[in-house]
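Below is run-v3.pdb, holding PDB, C-alpha atoms.
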ATOM      1  CA  MET A   1      -0.711   4.712 -21.926
ATOM      2  CA  SER A   2      -2.703   2.568 -19.566
ATOM      3  CA  GLN A   3      -1.768  -1.082 -19.289
ATOM      4  CA  VAL A   4      -5.401  -1.923 -18.722
ATOM      5  CA  ASN A   5      -8.511  -0.300 -20.087
ATOM      6  CA  GLN A   6     -11.461  -0.361 -17.738
ATOM      7  CA  GLY A   7     -14.508  -2.130 -19.063
ATOM      8  CA  ASN A   8     -12.746  -4.065 -21.794
ATOM      9  CA  HIS A   9     -13.144  -7.639 -20.643
ATOM     10  CA  LYS A  10     -10.054  -8.838 -22.414
ATOM     11  CA  GLN A  11      -7.993  -6.083 -20.836
ATOM     12  CA  LYS A  12      -9.074  -6.572 -17.258
ATOM     13  CA  VAL A  13      -6.544  -7.335 -14.578
ATOM     14  CA  VAL A  14      -6.678 -11.060 -13.941
ATOM     15  CA  ILE A  15      -6.928 -12.282 -10.384
ATOM     16  CA  VAL A  16      -5.999 -15.882  -9.699
ATOM     17  CA  PRO A  17      -6.773 -17.071  -6.154
ATOM     18  CA  CYS A  18      -5.742 -20.296  -4.453
ATOM     19  CA  SER A  19      -7.922 -23.268  -5.304
ATOM     20  CA  GLY A  20      -7.366 -25.034  -1.993
ATOM     21  CA  ILE A  21     -10.758 -26.451  -1.145
ATOM     22  CA  GLY A  22     -11.223 -27.262   2.510
ATOM     23  CA  LYS A  23      -8.487 -24.861   3.579
ATOM     24  CA  THR A  24      -9.247 -21.723   5.526
ATOM     25  CA  TYR A  25      -6.520 -19.661   3.883
ATOM     26  CA  GLY A  26      -7.650 -20.777   0.457
ATOM     27  CA  THR A  27     -11.164 -19.636   1.288
ATOM     28  CA  VAL A  28      -9.839 -16.251   2.400
ATOM     29  CA  SER A  29      -8.050 -15.903  -0.929
ATOM     30  CA  ARG A  30     -11.177 -16.669  -2.919
ATOM     31  CA  GLU A  31     -13.354 -14.440  -0.761
ATOM     32  CA  ALA A  32     -10.956 -11.548  -1.338
ATOM     33  CA  ALA A  33     -10.912 -12.233  -5.080
ATOM     34  CA  TYR A  34     -14.729 -12.221  -5.235
ATOM     35  CA  GLU A  35     -14.855  -8.974  -3.310
ATOM     36  CA  VAL A  36     -12.469  -7.250  -5.701
ATOM     37  CA  THR A  37     -14.019  -8.554  -8.903
ATOM     38  CA  GLU A  38     -17.666  -8.273  -7.849
ATOM     39  CA  ASP A  39     -17.763  -5.285  -5.514
ATOM     40  CA  LEU A  40     -14.633  -3.163  -5.440
ATOM     41  CA  ARG A  41     -13.290  -3.168  -9.010
ATOM     42  CA  PRO A  42     -15.740  -5.107 -11.206
ATOM     43  CA  GLN A  43     -14.961  -2.989 -14.254
ATOM     44  CA  ALA A  44     -11.234  -3.477 -14.033
ATOM     45  CA  SER A  45     -10.703  -7.013 -12.804
ATOM     46  CA  ARG A  46     -11.870 -10.543 -13.267
ATOM     47  CA  ILE A  47     -11.140 -13.966 -11.814
ATOM     48  CA  VAL A  48      -9.480 -16.771 -13.689
ATOM     49  CA  ALA A  49      -9.861 -20.094 -11.915
ATOM     50  CA  LEU A  50      -6.585 -21.757 -11.039
ATOM     51  CA  SER A  51      -8.092 -25.117 -11.855
ATOM     52  CA  LEU A  52      -8.584 -24.017 -15.466
ATOM     53  CA  LEU A  53      -4.920 -23.098 -15.733
ATOM     54  CA  VAL A  54      -3.960 -26.457 -14.281
ATOM     55  CA  LEU A  55      -6.144 -28.155 -16.876
ATOM     56  CA  GLY A  56      -4.570 -26.064 -19.622
ATOM     57  CA  ASP A  57      -7.814 -24.364 -20.607
ATOM     58  CA  GLU A  58      -7.100 -22.239 -23.668
ATOM     59  CA  ALA A  59      -9.214 -19.237 -22.661
ATOM     60  CA  ALA A  60      -7.710 -19.166 -19.198
ATOM     61  CA  ARG A  61      -4.163 -19.402 -20.540
ATOM     62  CA  GLU A  62      -4.889 -16.657 -23.023
ATOM     63  CA  ALA A  63      -6.283 -14.436 -20.296
ATOM     64  CA  VAL A  64      -3.170 -14.646 -18.139
ATOM     65  CA  ALA A  65      -0.883 -14.411 -21.143
ATOM     66  CA  ASN A  66      -2.446 -11.155 -22.309
ATOM     67  CA  CYS A  67      -3.199  -9.316 -19.072
ATOM     68  CA  PRO A  68      -1.278  -8.568 -15.884
ATOM     69  CA  SER A  69      -2.178 -11.006 -13.141
ATOM     70  CA  ILE A  70      -2.482 -10.730  -9.407
ATOM     71  CA  THR A  71      -2.124 -14.026  -7.612
ATOM     72  CA  ILE A  72      -3.328 -14.902  -4.128
ATOM     73  CA  ASP A  73      -1.724 -17.963  -2.586
ATOM     74  CA  GLY A  74      -3.099 -19.802   0.407
ATOM     75  CA  CYS A  75       0.108 -21.569   1.326
ATOM     76  CA  LYS A  76       3.806 -21.613   0.584
ATOM     77  CA  LEU A  77       3.360 -23.989  -2.351
ATOM     78  CA  ALA A  78       2.242 -20.847  -4.190
ATOM     79  CA  CYS A  79       0.330 -22.813  -6.818
ATOM     80  CA  ALA A  80      -1.442 -19.738  -8.202
ATOM     81  CA  THR A  81       1.778 -17.836  -8.809
ATOM     82  CA  LYS A  82       3.538 -20.854 -10.266
ATOM     83  CA  MET A  83       0.687 -21.711 -12.613
ATOM     84  CA  VAL A  84       0.349 -18.188 -13.965
ATOM     85  CA  LYS A  85       4.057 -18.149 -14.751
ATOM     86  CA  GLU A  86       3.928 -21.619 -16.270
ATOM     87  CA  SER A  87       1.006 -20.482 -18.399
ATOM     88  CA  GLY A  88       3.073 -17.683 -19.871
ATOM     89  CA  GLY A  89       1.553 -14.968 -17.727
ATOM     90  CA  VAL A  90       3.017 -11.969 -15.985
ATOM     91  CA  VAL A  91       2.528 -11.834 -12.227
ATOM     92  CA  ALA A  92       2.223  -8.152 -11.460
ATOM     93  CA  GLN A  93       1.925  -8.877  -7.767
ATOM     94  CA  ASP A  94       1.618 -11.986  -5.667
ATOM     95  CA  TYR A  95      -0.090 -12.041  -2.302
ATOM     96  CA  ALA A  96       0.227 -14.721   0.345
ATOM     97  CA  VAL A  97      -2.677 -14.881   2.777
ATOM     98  CA  LEU A  98      -0.342 -15.796   5.627
ATOM     99  CA  ASP A  99       1.740 -12.653   5.082
ATOM    100  CA  VAL A 100      -1.387 -10.534   5.040
ATOM    101  CA  TYR A 101      -2.614 -12.189   8.226
ATOM    102  CA  ARG A 102       0.676 -11.335   9.925
ATOM    103  CA  ARG A 103      -0.122  -7.694   9.274
ATOM    104  CA  TYR A 104      -3.678  -8.042  10.581
ATOM    105  CA  LYS A 105      -3.194 -10.287  13.588
ATOM    106  CA  GLN A 106      -6.548  -9.195  15.005
ATOM    107  CA  PHE A 107      -8.359 -10.954  12.127
ATOM    108  CA  LYS A 108      -7.829 -14.618  12.850
ATOM    109  CA  PRO A 109      -9.424 -16.626  10.051
ATOM    110  CA  GLN A 110     -11.380 -19.767  10.863
ATOM    111  CA  GLY A 111     -13.904 -21.850   9.022
ATOM    112  CA  ILE A 112     -13.853 -23.401   5.595
ATOM    113  CA  ALA A 113     -17.185 -23.318   3.779
ATOM    114  CA  GLU A 114     -18.064 -20.201   5.735
ATOM    115  CA  LEU A 115     -15.447 -17.941   7.210
ATOM    116  CA  ASN A 116     -15.774 -16.525  10.693
ATOM    117  CA  GLU A 117     -15.892 -12.771  11.246
ATOM    118  CA  GLY A 118     -12.098 -12.579  11.470
ATOM    119  CA  GLY A 119     -11.743 -14.419   8.196
ATOM    120  CA  LEU A 120     -14.183 -12.120   6.445
ATOM    121  CA  LYS A 121     -12.398  -9.059   7.799
ATOM    122  CA  LEU A 122      -9.058 -10.457   6.694
ATOM    123  CA  ALA A 123     -10.465 -11.129   3.235
ATOM    124  CA  ASN A 124     -11.766  -7.565   3.146
ATOM    125  CA  ALA A 125      -8.380  -6.145   4.171
ATOM    126  CA  LEU A 126      -6.696  -8.212   1.482
ATOM    127  CA  ALA A 127      -9.300  -7.167  -1.065
ATOM    128  CA  GLN A 128      -8.656  -3.502  -0.323
ATOM    129  CA  GLU A 129      -4.941  -3.991  -0.931
ATOM    130  CA  ILE A 130      -5.598  -5.836  -4.161
ATOM    131  CA  ALA A 131      -8.013  -3.149  -5.317
ATOM    132  CA  SER A 132      -5.269  -0.611  -4.825
ATOM    133  CA  THR A 133      -2.910  -2.733  -6.892
ATOM    134  CA  VAL A 134      -5.563  -3.030  -9.602
ATOM    135  CA  ASP A 135      -5.824   0.768  -9.644
ATOM    136  CA  ASN A 136      -2.091   1.090 -10.118
ATOM    137  CA  LEU A 137      -2.129  -1.395 -12.956
ATOM    138  CA  VAL A 138      -5.049   0.360 -14.597
ATOM    139  CA  LYS A 139      -3.221   3.665 -14.368
ATOM    140  CA  GLY A 140      -0.053   2.067 -15.604
ATOM    141  CA  LYS A 141       1.646   3.219 -12.444
ATOM    142  CA  SER A 142       2.640  -0.101 -11.049
ATOM    143  CA  LYS A 143       6.363  -0.299 -10.628
ATOM    144  CA  LEU A 144       6.191  -4.012 -10.220
ATOM    145  CA  SER A 145       7.699  -6.152 -12.885
ATOM    146  CA  PRO A 146       7.326  -9.911 -13.019
ATOM    147  CA  ILE A 147      10.833 -10.185 -11.710
ATOM    148  CA  GLU A 148      10.557  -7.568  -9.027
ATOM    149  CA  GLY A 149       7.077  -8.639  -7.900
ATOM    150  CA  GLY A 150       8.323 -11.295  -5.510
ATOM    151  CA  GLN A 151       6.787 -11.942  -2.115
ATOM    152  CA  ASN A 152       5.434  -8.513  -1.498
ATOM    153  CA  GLY A 153       1.896  -9.157  -0.442
TER
ATOM    154  CA  MET B   1      28.779 -39.187  10.028
ATOM    155  CA  PRO B   2      25.865 -37.256   8.463
ATOM    156  CA  GLU B   3      24.593 -34.252  10.344
ATOM    157  CA  PHE B   4      21.035 -35.548  10.294
ATOM    158  CA  LEU B   5      19.109 -38.750  10.660
ATOM    159  CA  GLU B   6      16.640 -38.733   7.824
ATOM    160  CA  THR B   7      13.584 -40.637   6.741
ATOM    161  CA  GLN B   8      10.966 -40.327   4.033
ATOM    162  CA  VAL B   9       7.354 -41.081   4.887
ATOM    163  CA  ASP B  10       4.983 -40.842   1.957
ATOM    164  CA  LYS B  11       6.175 -37.732   0.118
ATOM    165  CA  PHE B  12       7.591 -36.056   3.206
ATOM    166  CA  ILE B  13      11.224 -36.066   4.301
ATOM    167  CA  PHE B  14      11.946 -35.583   7.978
ATOM    168  CA  LYS B  15      15.302 -34.774   9.497
ATOM    169  CA  VAL B  16      16.535 -35.183  13.040
ATOM    170  CA  ALA B  17      19.675 -33.261  13.968
ATOM    171  CA  ARG B  18      22.222 -35.467  15.687
ATOM    172  CA  ASP B  19      23.729 -32.772  17.879
ATOM    173  CA  ARG B  20      20.909 -32.226  20.362
ATOM    174  CA  TYR B  21      18.289 -33.839  22.553
ATOM    175  CA  TYR B  22      14.516 -33.947  22.204
ATOM    176  CA  THR B  23      11.335 -34.039  24.220
ATOM    177  CA  ASN B  24       8.641 -36.544  23.311
ATOM    178  CA  GLU B  25       6.663 -33.678  21.784
ATOM    179  CA  GLY B  26       9.474 -32.729  19.405
ATOM    180  CA  VAL B  27      11.099 -29.768  21.114
ATOM    181  CA  TRP B  28      14.870 -29.882  20.776
ATOM    182  CA  ALA B  29      17.446 -28.778  23.324
ATOM    183  CA  GLN B  30      21.071 -28.085  22.481
ATOM    184  CA  ALA B  31      23.466 -27.305  25.295
ATOM    185  CA  ASP B  32      26.500 -25.089  25.287
ATOM    186  CA  GLY B  33      27.699 -25.349  28.859
ATOM    187  CA  ASN B  34      24.605 -24.671  30.905
ATOM    188  CA  ARG B  35      23.035 -22.493  28.213
ATOM    189  CA  VAL B  36      20.424 -24.543  26.414
ATOM    190  CA  ARG B  37      19.029 -23.393  23.083
ATOM    191  CA  MET B  38      15.661 -24.795  22.086
ATOM    192  CA  GLY B  39      13.326 -24.990  19.113
ATOM    193  CA  LEU B  40      11.003 -27.253  17.133
ATOM    194  CA  SER B  41      12.063 -30.432  15.400
ATOM    195  CA  ASP B  42      11.658 -30.716  11.650
ATOM    196  CA  PHE B  43       8.819 -33.197  12.120
ATOM    197  CA  LEU B  44       6.974 -30.979  14.581
ATOM    198  CA  GLN B  45       7.212 -27.936  12.324
ATOM    199  CA  GLN B  46       6.108 -29.847   9.241
ATOM    200  CA  ARG B  47       3.212 -31.463  11.033
ATOM    201  CA  SER B  48       2.105 -28.141  12.507
ATOM    202  CA  GLY B  49       2.155 -26.203   9.234
ATOM    203  CA  ASP B  50       3.253 -22.726   8.208
ATOM    204  CA  VAL B  51       3.842 -20.561  11.260
ATOM    205  CA  ALA B  52       1.891 -17.325  11.460
ATOM    206  CA  PHE B  53       2.988 -16.166  14.910
ATOM    207  CA  ALA B  54       5.376 -17.352  17.592
ATOM    208  CA  ASP B  55       5.101 -15.908  21.079
ATOM    209  CA  VAL B  56       7.960 -16.783  23.378
ATOM    210  CA  ILE B  57       7.928 -16.180  27.153
ATOM    211  CA  PRO B  58       9.947 -13.015  27.835
ATOM    212  CA  GLU B  59      13.613 -12.937  28.737
ATOM    213  CA  GLY B  60      14.225 -13.079  32.451
ATOM    214  CA  SER B  61      11.342 -15.467  33.089
ATOM    215  CA  THR B  62      12.055 -18.500  35.211
ATOM    216  CA  LEU B  63      10.343 -21.761  34.443
ATOM    217  CA  HIS B  64      10.366 -25.460  35.177
ATOM    218  CA  ALA B  65      10.724 -28.227  32.651
ATOM    219  CA  GLY B  66       7.281 -28.818  31.185
ATOM    220  CA  ASP B  67       6.102 -25.230  31.678
ATOM    221  CA  GLU B  68       4.950 -23.433  28.563
ATOM    222  CA  ILE B  69       7.840 -21.575  26.975
ATOM    223  CA  ALA B  70       6.158 -20.564  23.715
ATOM    224  CA  SER B  71       2.898 -20.674  21.856
ATOM    225  CA  ILE B  72       2.834 -21.063  18.117
ATOM    226  CA  GLU B  73      -0.017 -20.274  15.786
ATOM    227  CA  THR B  74       0.142 -21.930  12.399
ATOM    228  CA  ILE B  75      -2.242 -22.098   9.481
ATOM    229  CA  LYS B  76      -3.519 -25.358  10.958
ATOM    230  CA  VAL B  77      -3.218 -25.311  14.724
ATOM    231  CA  ASN B  78      -2.319 -23.438  17.865
ATOM    232  CA  ILE B  79       0.288 -25.296  19.881
ATOM    233  CA  SER B  80       1.771 -24.763  23.290
ATOM    234  CA  LEU B  81       5.395 -25.758  23.634
ATOM    235  CA  ALA B  82       6.766 -27.079  26.894
ATOM    236  CA  SER B  83      10.243 -26.159  28.015
ATOM    237  CA  PRO B  84      12.659 -29.084  27.854
ATOM    238  CA  VAL B  85      14.578 -27.856  30.904
ATOM    239  CA  SER B  86      14.221 -25.761  34.027
ATOM    240  CA  GLY B  87      15.951 -22.443  34.317
ATOM    241  CA  LYS B  88      15.869 -18.819  33.312
ATOM    242  CA  ILE B  89      15.255 -17.530  29.812
ATOM    243  CA  VAL B  90      18.315 -15.480  28.919
ATOM    244  CA  GLU B  91      17.687 -14.937  25.237
ATOM    245  CA  VAL B  92      14.691 -14.937  22.915
ATOM    246  CA  ASN B  93      15.156 -15.133  19.164
ATOM    247  CA  PRO B  94      14.365 -11.585  18.010
ATOM    248  CA  GLY B  95      13.495 -12.928  14.568
ATOM    249  CA  MET B  96      10.347 -14.524  15.945
ATOM    250  CA  GLU B  97       8.653 -11.118  16.020
ATOM    251  CA  THR B  98       9.148 -10.349  12.373
ATOM    252  CA  ALA B  99       9.937 -13.580  10.592
ATOM    253  CA  PRO B 100       8.568 -16.605  12.468
ATOM    254  CA  GLU B 101       8.594 -18.512   9.173
ATOM    255  CA  ALA B 102      12.223 -19.272  10.062
ATOM    256  CA  ILE B 103      10.769 -22.089  12.166
ATOM    257  CA  ASN B 104       9.604 -23.741   8.945
ATOM    258  CA  GLN B 105      12.570 -22.764   6.824
ATOM    259  CA  ASP B 106      15.366 -23.638   9.233
ATOM    260  CA  PRO B 107      14.022 -25.402  12.325
ATOM    261  CA  TYR B 108      17.425 -26.447  13.649
ATOM    262  CA  GLY B 109      19.135 -23.139  12.874
ATOM    263  CA  ALA B 110      17.613 -19.689  12.431
ATOM    264  CA  GLY B 111      14.265 -20.985  13.703
ATOM    265  CA  TRP B 112      15.440 -21.396  17.301
ATOM    266  CA  LEU B 113      13.124 -19.938  19.914
ATOM    267  CA  ALA B 114      15.004 -19.238  23.109
ATOM    268  CA  VAL B 115      18.084 -19.879  25.202
ATOM    269  CA  ILE B 116      17.632 -21.042  28.772
ATOM    270  CA  GLU B 117      20.232 -20.895  31.474
ATOM    271  CA  ALA B 118      19.580 -24.357  32.787
ATOM    272  CA  ALA B 119      19.335 -24.981  36.481
ATOM    273  CA  ASP B 120      20.714 -28.509  36.160
ATOM    274  CA  TRP B 121      21.264 -29.560  32.562
ATOM    275  CA  GLU B 122      23.104 -32.758  33.357
ATOM    276  CA  ALA B 123      20.263 -34.044  35.493
ATOM    277  CA  GLU B 124      17.449 -32.958  33.182
ATOM    278  CA  ARG B 125      19.137 -34.230  30.045
ATOM    279  CA  ALA B 126      18.400 -37.720  31.325
ATOM    280  CA  ASN B 127      14.702 -37.007  30.815
ATOM    281  CA  LEU B 128      15.177 -36.183  27.142
ATOM    282  CA  LEU B 129      15.509 -38.440  24.113
ATOM    283  CA  ASP B 130      18.778 -38.784  22.279
ATOM    284  CA  PRO B 131      18.618 -38.267  18.489
ATOM    285  CA  GLN B 132      18.327 -41.973  17.679
ATOM    286  CA  ALA B 133      15.531 -42.516  20.190
ATOM    287  CA  TYR B 134      13.640 -39.478  18.961
ATOM    288  CA  PHE B 135      14.166 -40.531  15.362
ATOM    289  CA  ILE B 136      12.532 -43.898  16.013
ATOM    290  CA  GLN B 137       9.622 -42.301  17.853
ATOM    291  CA  MET B 138       9.186 -39.593  15.230
ATOM    292  CA  LYS B 139       9.257 -42.082  12.380
ATOM    293  CA  ALA B 140       6.558 -44.174  14.022
ATOM    294  CA  GLU B 141       4.407 -41.073  14.518
ATOM    295  CA  ALA B 142       4.937 -39.958  10.932
ATOM    296  CA  GLU B 143       3.995 -43.388   9.603
ATOM    297  CA  GLU B 144       0.891 -43.364  11.770
ATOM    298  CA  GLU B 145      -0.078 -39.931  10.430
ATOM    299  CA  ALA B 146       0.539 -41.098   6.875
ATOM    300  CA  LYS B 147      -2.032 -43.864   7.287
ATOM    301  CA  LYS B 148      -4.664 -41.188   7.886
ATOM    302  CA  LEU B 149      -3.957 -39.490   4.540
TER
END

structure tokens encoding of this file:
Amino acid sequence: MSQVNQGNHKQKVVIVPCSGIGKTYGTVSREAAYEVTEDLRPQASRIVALSLLVLGDEAAREAVANCPSITIDGCKLACATKMVKESGGVVAQDYAVLDVYRRYKQFKPQGIAELNEGGLKLANALAQEIASTVDNLVKGKSKLSPIEGGQNG
Amino acid sequence: MPEFLETQVDKFIFKVARDRYYTNEGVWAQADGNRVRMGLSDFLQQRSGDVAFADVIPEGSTLHAGDEIASIETIKVNISLASPVSGKIVEVNPGMETAPEAINQDPYGAGWLAVIEAADWEAERANLLDPQAYFIQMKAEAEEEAKKL
């Protein structure tokens, strides 16, 4: 049985990006999250704002508590991953933008409000990886458990 | 005696290892005979941010003190590191290719960058700061940076 049913809002995979405003890597994380939820897998995923989890918003906490989450962290503080766990959620997979960048050295991200071409390409590469993870979760094929998920972006 | 000199500035704790020398920029040099291992100080790595890539000049290269020995790209800045001594690079940390985050995690240990066979360590050591002198300089810099926060 699928862990996630496409189209059912309450069953969508939750994506929680970094909320670091004014940070390039935070912007990459949000750009990737928008791309997945708006373009690549809109029927199967949705964003929950990290700031809402920090504020203890009931709807946001419920969303991460009831659906598998994918977190995207902009730095080693890993606020997104920590907050999902603290909110009672299951992190199916956590991504760190820096780790992704190490795999795509040719896409050097720059800019804050607007990313440069490298940043946009890096966000796209990250979004493609996340979309694949969403597919696995939808199919119930993800082998990742909250414990095994670890730093595997 | 503790292994490190340590200070807290704002919420940050900075350590200076007592068993090596430093350049003004925060590159450390630790000699074993005439083989000098080098890397970034704790302050320099914290100020620079999470390391994405570290490119070290290849083994076999000869350089003078002050020549670039490595370039580091972090999430904040690109920095060029000057060699603390003259000599020939005889070893480059292989971990820098795959796990340069060691610079952040263990700047005085696994995060070392290279070993140089020094041309004249005893003479060039005089141009470097001892741990206490670097600690004072580093602390002043950290306090200055903290005022900007």

For this structure, which residues satisfy the selection - the ChimeraX specification (/A :<8) & /B - when it is evaluated on the file as given? I want them as an NGL selection string. :B and (50 or 52-53 or 75)

Nearby residues, (18.6, -18.7, 25.6) file frame, 6 Å, all atoms listed in the file, as a PyMOL selection string: chain B and resi 37+89-91+114-116

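Here the PyMOL selection byres ((chain A and resi 124-137) around 8) matches the residues Ser2, Gln3, Val4, Val13, Ala32, Ala33, Glu35, Val36, Leu40, Arg41, Ala44, Ser45, Pro68, Ile70, Gln93, Val97, Val100, Leu120, Lys121, Leu122, Ala123, Val138, Lys139, Gly140, Lys141 and Ser142 of chain A.
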
Run the PyMOL selection byres ((chain B and resi 88) around 10) against the file shown and list the residues it catches, as a ChimeraX atom specification. /B:35,58-64,85-87,89-91,115-119

Hey, can I get the axis-aligned box for range 75-89 of chain B? All listed atoms, 3 Å padding on each side, centre and edge lengths in Å to one decimal, as lines of an AutoDock Vina configuration file.
center_x = 6.2
center_y = -23.3
center_z = 21.9
size_x = 25.5
size_y = 17.6
size_z = 30.8

Considering only C-alpha atoms, return as an MDAnalysis selection string whatever protein or nucleic-acid residues lie within 12 Å of Ala126 in chain B, sequence-local ones (same chain, fewer than 2 positions apart) excluded. chainID B and resid 21:23 84:85 120:124 128:130

Using CA of Leu81 in chain B and CA of Leu113 in chain B as the two end points, give the distance in Å to one decimal.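 About the pair CA of Leu81 in chain B and CA of Leu113 in chain B: they are 10.4 Å apart.
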
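For the choices B:Asp67, B:Trp112, B:Lys148, B:Glu143, the atom-to-atom distance to Gln30 in chain B is smallest for B:Trp112 when using only C-alpha atoms.
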
Would you compute the distance between CA of Thr7 in chain B and CA of Asn127 in chain B? Give it in Å to one decimal. 24.4 Å

Measuring atom to atom with all atoms listed in the file, identify which of A:Ala65, A:Ile112, A:Thr71, A:Gly56 is nearest to Val90 in chain A.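 Under the stated criterion, the closest residue is A:Ala65.
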
Give as a list in words the set of residues within 10 Å of the point (19.6, -40.3, 19.2), where distances use the file's coordinates and all atoms listed in the file.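 The requested residues, written out, are Leu5, Val16, Ala17, Arg18, Asp19, Arg20, Tyr21, Tyr22, Leu128, Leu129, Asp130, Pro131, Gln132, Ala133, Tyr134, Phe135 and Ile136 of chain B.
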
Work out how far apart CA of Gly26 in chain B and CA of Met138 in chain B are and give it in Å to one decimal. 8.0 Å

Distance query Val27 in chain B at most 10 Å, only C-alpha atoms, self and fewer than 6 positions along chain excluded, as a list in words: Tyr21, Met38, Gly39, Leu40, Ser41, Asp42, Phe43, Leu44, Gln45, Leu81, Ala82, Ser83, Pro84 and Leu128 of chain B

With distances taken over only C-alpha atoms, which residue among A:Glu31, A:Asp39, A:Gly22, A:Arg103 lies nearest Glu97 in chain B? A:Arg103
